[in-house]
Amino acid sequence: MEKIKLGISTCLLGEKVRYDGGHKWDPFLTDTLGQYVEFVPVCPEVECGYGIPRESFRLVGESQSPHLVTSQTNHDHTERMIQWAKRKVMELKRENLCGFIFKSDSPSSGMERVKVYDQNGIPTRNGVGIFARVFMEHFPLLPVEDEGRLNDPKIRENFIERIFTLERWRRVGEGMRNLIAFHTQHELLILAHSPKHYQMLGRLVAWAKEIPWKDLYKEYERFLLEALSMKTTPKKNADVLQHVMGYFKGQLSAEEKKELRELIDLYRQGKVPLIVPITLLNHYARQYDQPYLKDQYYLHPHPVELRLRNHV
Ligand code: SF4
């Protein structure tokens with residue numbers, strides 16, 4: 001598999017670009033995720049022309065349209081940063097990124113809950129960094145996270161699943177046959193995120209011959225990204241697992257069915273991780289040679305080294 005192109009706040013890679021000359025290296029990102037990813041680093045403050053070291057910035061004013069000002073001298077740099085960010089997103093468009101990992105809490109790069117100070121100097125955590133806002137407005141469906149949120153195993157899993165799926169989608173060649181193959185292999189994964197989008201995408205594929213390829217591709221990508229942005233839940237996953245179980249109706253003994261049903265229930269109750277019933281279903285898919293299931297990314301969505309689906 002080709003490496004997945006991801007934008008990232010430069011300081012997370014260990015580059016000394018912070019206002020104090022330091023970095024915020026995140027070893028998981030560089031050493032683990034980095035095996036599968038080609039990072040495109042972006043440091044808004046340095047690339048916008050501010051030196052290292054520099055006076056730190058903060059957001060002030062309204063949370064929806066805050067100003068970027070220097071913390072001590074109170075100079076307003078909002079317009080300069082916005083103009084730079086608008087040019088930068090046009091440049092990033094050509095990179096065909098599958099997502100972005102932002103540095104949390106930064107007035108330039110933070111994607112949520114960044115401190116915004118009111119006129120009395122009281123901060124509220126409800127802002128978005130200036131560059132992050134321009135980026136997310138420009139690429140509203142692209143997977144984005146920050147390094148802090150990625151410490152949560154569920155958020156991390158969802159993000160990784162989205163970027164791997166988007167990378168595979170970007171490599172789908174032109175033509176109905178390729179689209180149908182992609183769709184078929186991702187049906188269960190889409191179903192686990194959004195049964196509604198599963199139906200919408202199914203209908204779109206059924207009507208595909210009537211739709212010009214460019215429109216079809218765009219529409220499919222939009223529905224796919226919308227679907228993946230919806231989180232899976234134990235209930236949605238358990239429903240998909242039950243559905244998969246149906247493929248072995250005629251092959252499993254009553255005892256094996258009981259064991260599988262119990263495992264799915266234990267997963268639903270949060271007592272075992274998703275990987276447990278998935279492993280057993282994968283085993284049956286191979287044993288009973290179910291080509292449809294063996295091809296489903298839902299049953300093996302990302303490299304085992306990332307140790308996902310391993311939490312309760
Ligand atoms: S948080 Fe953003 S602006 Fe600040 S050093 Fe990191 S990449 Fe640069």
# chains A, B, ... in the order shown; residues from 1 in each chain; ligands from 1
$ select_by_dssp --residues "region 124-244 of chain A" --states "strand (DSSP E)" --output "count of residues only"
7
$ residues_near_ligand --ligand "ligand 1" --cutoff "10 Å" --atoms "only C-alpha atoms and all ligand atoms" --output "ChimeraX atom specification"
/A:8-25,41-48,50,52,56-57,102-110,129-132
$ closest_residue --among "A:Asp295, A:Asp215, A:Glu62, A:Glu147" --to "Thr184 (chain A)" --atoms "only C-alpha atoms"
A:Asp295
$ select_by_dssp --residues "region 94-237 of chain A" --states "helix (DSSP H, G or I)" --output "PyMOL selection string"
chain A and resi 130-138+149-151+153-170+176-193+195-206+208-210+213-229+234-237
$ residues_around --residues "Ile264 (chain A)" --least-positions-apart "2" --cutoff "9 Å" --atoms "only C-alpha atoms" --output "VMD selection string"
chain A and resid 238 241 to 242 259 to 262 266 to 269 272 274 276 to 277
$ closest_residue --among "A:Ile122, A:Val240, A:Met136, A:Leu6" --to "Ile160 (chain A)" --atoms "only C-alpha atoms"
A:Leu6
$ closest_residue --among "A:Pro195, A:Gly148, A:Gly34, A:Gly127" --to "Lys235 (chain A)" --atoms "only C-alpha atoms"
A:Pro195
$ residues_around --residues "region 204-206 of chain A" --least-positions-apart "4" --cutoff "12 Å" --atoms "only C-alpha atoms" --output "number ranges by chain"
A: 175-184, 187, 197-200, 210-213, 215-224
$ closest_residue --among "A:Pro301, A:Gly7, A:Gly61, A:Pro234" --to "Leu189 (chain A)" --atoms "only C-alpha atoms"
A:Pro301
$ residues_around --residues "region 248-258 of chain A" --least-positions-apart "5" --cutoff "10 Å" --atoms "only C-alpha atoms" --output "list of chain:residue names"
A:His243, A:Leu263, A:Ile264, A:Leu281, A:Tyr284, A:Ala285, A:Tyr288, A:Gln290
$ write_last_selection --atoms "N, CA and C atoms" --output "PDB file, in the first residue's frame"
ATOM      1  N   HIS A 243     -25.228  -9.661  11.664  1.00  0.00           N
ATOM      2  CA  HIS A 243     -25.466  -9.791  10.231  1.00  0.00           C
ATOM      3  C   HIS A 243     -24.431 -10.758   9.623  1.00  0.00           C
ATOM      4  N   LEU A 263     -20.288 -14.088  22.618  1.00  0.00           N
ATOM      5  CA  LEU A 263     -19.160 -13.157  22.437  1.00  0.00           C
ATOM      6  C   LEU A 263     -19.650 -11.793  21.960  1.00  0.00           C
ATOM      7  N   ILE A 264     -20.603 -11.819  21.027  1.00  0.00           N
ATOM      8  CA  ILE A 264     -21.145 -10.547  20.513  1.00  0.00           C
ATOM      9  C   ILE A 264     -21.840  -9.791  21.651  1.00  0.00           C
ATOM     10  N   LEU A 281     -14.944 -14.423  13.786  1.00  0.00           N
ATOM     11  CA  LEU A 281     -15.659 -14.355  12.503  1.00  0.00           C
ATOM     12  C   LEU A 281     -14.684 -14.463  11.322  1.00  0.00           C
ATOM     13  N   TYR A 284     -13.922 -18.080  10.868  1.00  0.00           N
ATOM     14  CA  TYR A 284     -14.997 -18.813  10.168  1.00  0.00           C
ATOM     15  C   TYR A 284     -15.041 -18.431   8.684  1.00  0.00           C
ATOM     16  N   ALA A 285     -14.791 -17.148   8.392  1.00  0.00           N
ATOM     17  CA  ALA A 285     -14.815 -16.708   6.982  1.00  0.00           C
ATOM     18  C   ALA A 285     -13.773 -17.473   6.176  1.00  0.00           C
ATOM     19  N   TYR A 288     -14.780 -21.496   6.193  1.00  0.00           N
ATOM     20  CA  TYR A 288     -15.906 -21.856   5.317  1.00  0.00           C
ATOM     21  C   TYR A 288     -15.841 -21.128   3.979  1.00  0.00           C
ATOM     22  N   GLN A 290     -15.763 -17.945   2.681  1.00  0.00           N
ATOM     23  CA  GLN A 290     -16.794 -16.959   2.308  1.00  0.00           C
ATOM     24  C   GLN A 290     -16.113 -15.807   1.586  1.00  0.00           C
TER      25      GLN A 290
END
$ closest_residue --among "A:Ile4, A:Leu293, A:Val134, A:Leu299" --to "Gln35 (chain A)" --atoms "only C-alpha atoms"
A:Ile4
$ residues_around --residues "Arg156 (chain A)" --least-positions-apart "5" --cutoff "12 Å" --atoms "only C-alpha atoms" --output "PyMOL selection string"
chain A and resi 28-29+33+101+143-151+161-163+231+306-311
$ decode --residues "region 6-93 of chain A" --atoms "C-alpha atoms" --output "compact mmCIF listing (two decimals), in the first residue's frame"
# COMPACT_ATOMS: atom_id res chain seq x y z
CA LEU A 6 -1.47 13.50 5.99
CA GLY A 7 -0.99 17.11 6.93
CA ILE A 8 0.44 17.64 10.40
CA SER A 9 1.44 20.51 12.68
CA THR A 10 5.22 20.60 12.27
CA CYS A 11 6.07 20.72 16.00
CA LEU A 12 4.44 17.27 16.49
CA LEU A 13 7.21 15.78 14.35
CA GLY A 14 9.84 17.03 16.80
CA GLU A 15 10.86 20.08 14.75
CA LYS A 16 11.91 22.99 16.95
CA VAL A 17 9.47 25.53 15.55
CA ARG A 18 7.55 26.56 18.68
CA TYR A 19 7.60 30.13 19.93
CA ASP A 20 10.13 29.15 22.64
CA GLY A 21 12.35 27.17 20.28
CA GLY A 22 10.96 23.85 21.51
CA HIS A 23 8.89 21.10 19.91
CA LYS A 24 5.98 18.83 20.86
CA TRP A 25 7.22 15.54 19.45
CA ASP A 26 4.62 12.77 19.55
CA PRO A 27 6.33 9.37 19.24
CA PHE A 28 3.12 7.50 18.35
CA LEU A 29 2.66 9.71 15.32
CA THR A 30 6.22 9.52 14.03
CA ASP A 31 7.19 5.97 14.99
CA THR A 32 3.95 3.98 14.74
CA LEU A 33 1.52 5.81 12.47
CA GLY A 34 4.51 7.22 10.56
CA GLN A 35 5.20 3.74 9.11
CA TYR A 36 2.05 4.09 7.00
CA VAL A 37 1.95 7.82 6.50
CA GLU A 38 3.80 10.48 4.55
CA PHE A 39 3.49 13.64 6.60
CA VAL A 40 3.13 17.07 5.03
CA PRO A 41 4.26 19.40 7.83
CA VAL A 42 2.66 22.81 8.29
CA CYS A 43 3.70 25.39 10.88
CA PRO A 44 1.45 28.38 10.32
CA GLU A 45 3.40 30.75 12.54
CA VAL A 46 6.82 30.04 11.02
CA GLU A 47 5.54 29.77 7.44
CA CYS A 48 3.64 33.02 7.87
CA GLY A 49 6.98 34.69 8.57
CA TYR A 50 7.38 34.77 12.36
CA GLY A 51 10.79 33.80 13.70
CA ILE A 52 12.02 31.26 16.25
CA PRO A 53 11.96 32.19 19.07
CA ARG A 54 9.07 34.65 18.88
CA GLU A 55 6.55 36.22 21.16
CA SER A 56 3.69 33.81 21.80
CA PHE A 57 0.21 34.43 20.41
CA ARG A 58 -3.22 34.08 21.89
CA LEU A 59 -6.81 34.39 20.72
CA VAL A 60 -8.93 37.26 22.02
CA GLY A 61 -12.49 38.45 21.45
CA GLU A 62 -15.46 36.48 20.13
CA SER A 63 -15.05 32.69 19.97
CA GLN A 64 -16.54 32.56 16.44
CA SER A 65 -14.21 35.21 15.01
CA PRO A 66 -11.35 35.72 17.46
CA HIS A 67 -8.29 37.85 16.84
CA LEU A 68 -4.76 36.51 16.91
CA VAL A 69 -2.66 38.84 19.03
CA THR A 70 0.78 38.71 20.62
CA SER A 71 0.45 37.79 24.30
CA GLN A 72 2.59 40.61 25.77
CA THR A 73 2.61 43.44 23.22
CA ASN A 74 -0.98 42.92 22.07
CA HIS A 75 -0.32 43.39 18.33
CA ASP A 76 -3.07 42.06 16.06
CA HIS A 77 -1.86 39.57 13.42
CA THR A 78 -5.24 38.12 12.45
CA GLU A 79 -5.46 39.43 8.90
CA ARG A 80 -1.92 38.43 8.03
CA MET A 81 -2.51 34.87 9.29
CA ILE A 82 -5.88 34.52 7.54
CA GLN A 83 -4.47 35.68 4.19
CA TRP A 84 -1.54 33.28 4.52
CA ALA A 85 -3.86 30.42 5.55
CA LYS A 86 -6.07 30.97 2.49
CA ARG A 87 -3.04 30.72 0.20
CA LYS A 88 -1.76 27.69 2.10
CA VAL A 89 -4.98 25.67 1.75
CA MET A 90 -4.87 26.24 -2.03
CA GLU A 91 -1.34 24.84 -2.01
CA LEU A 92 -2.43 21.89 0.17
CA LYS A 93 -5.26 21.10 -2.23
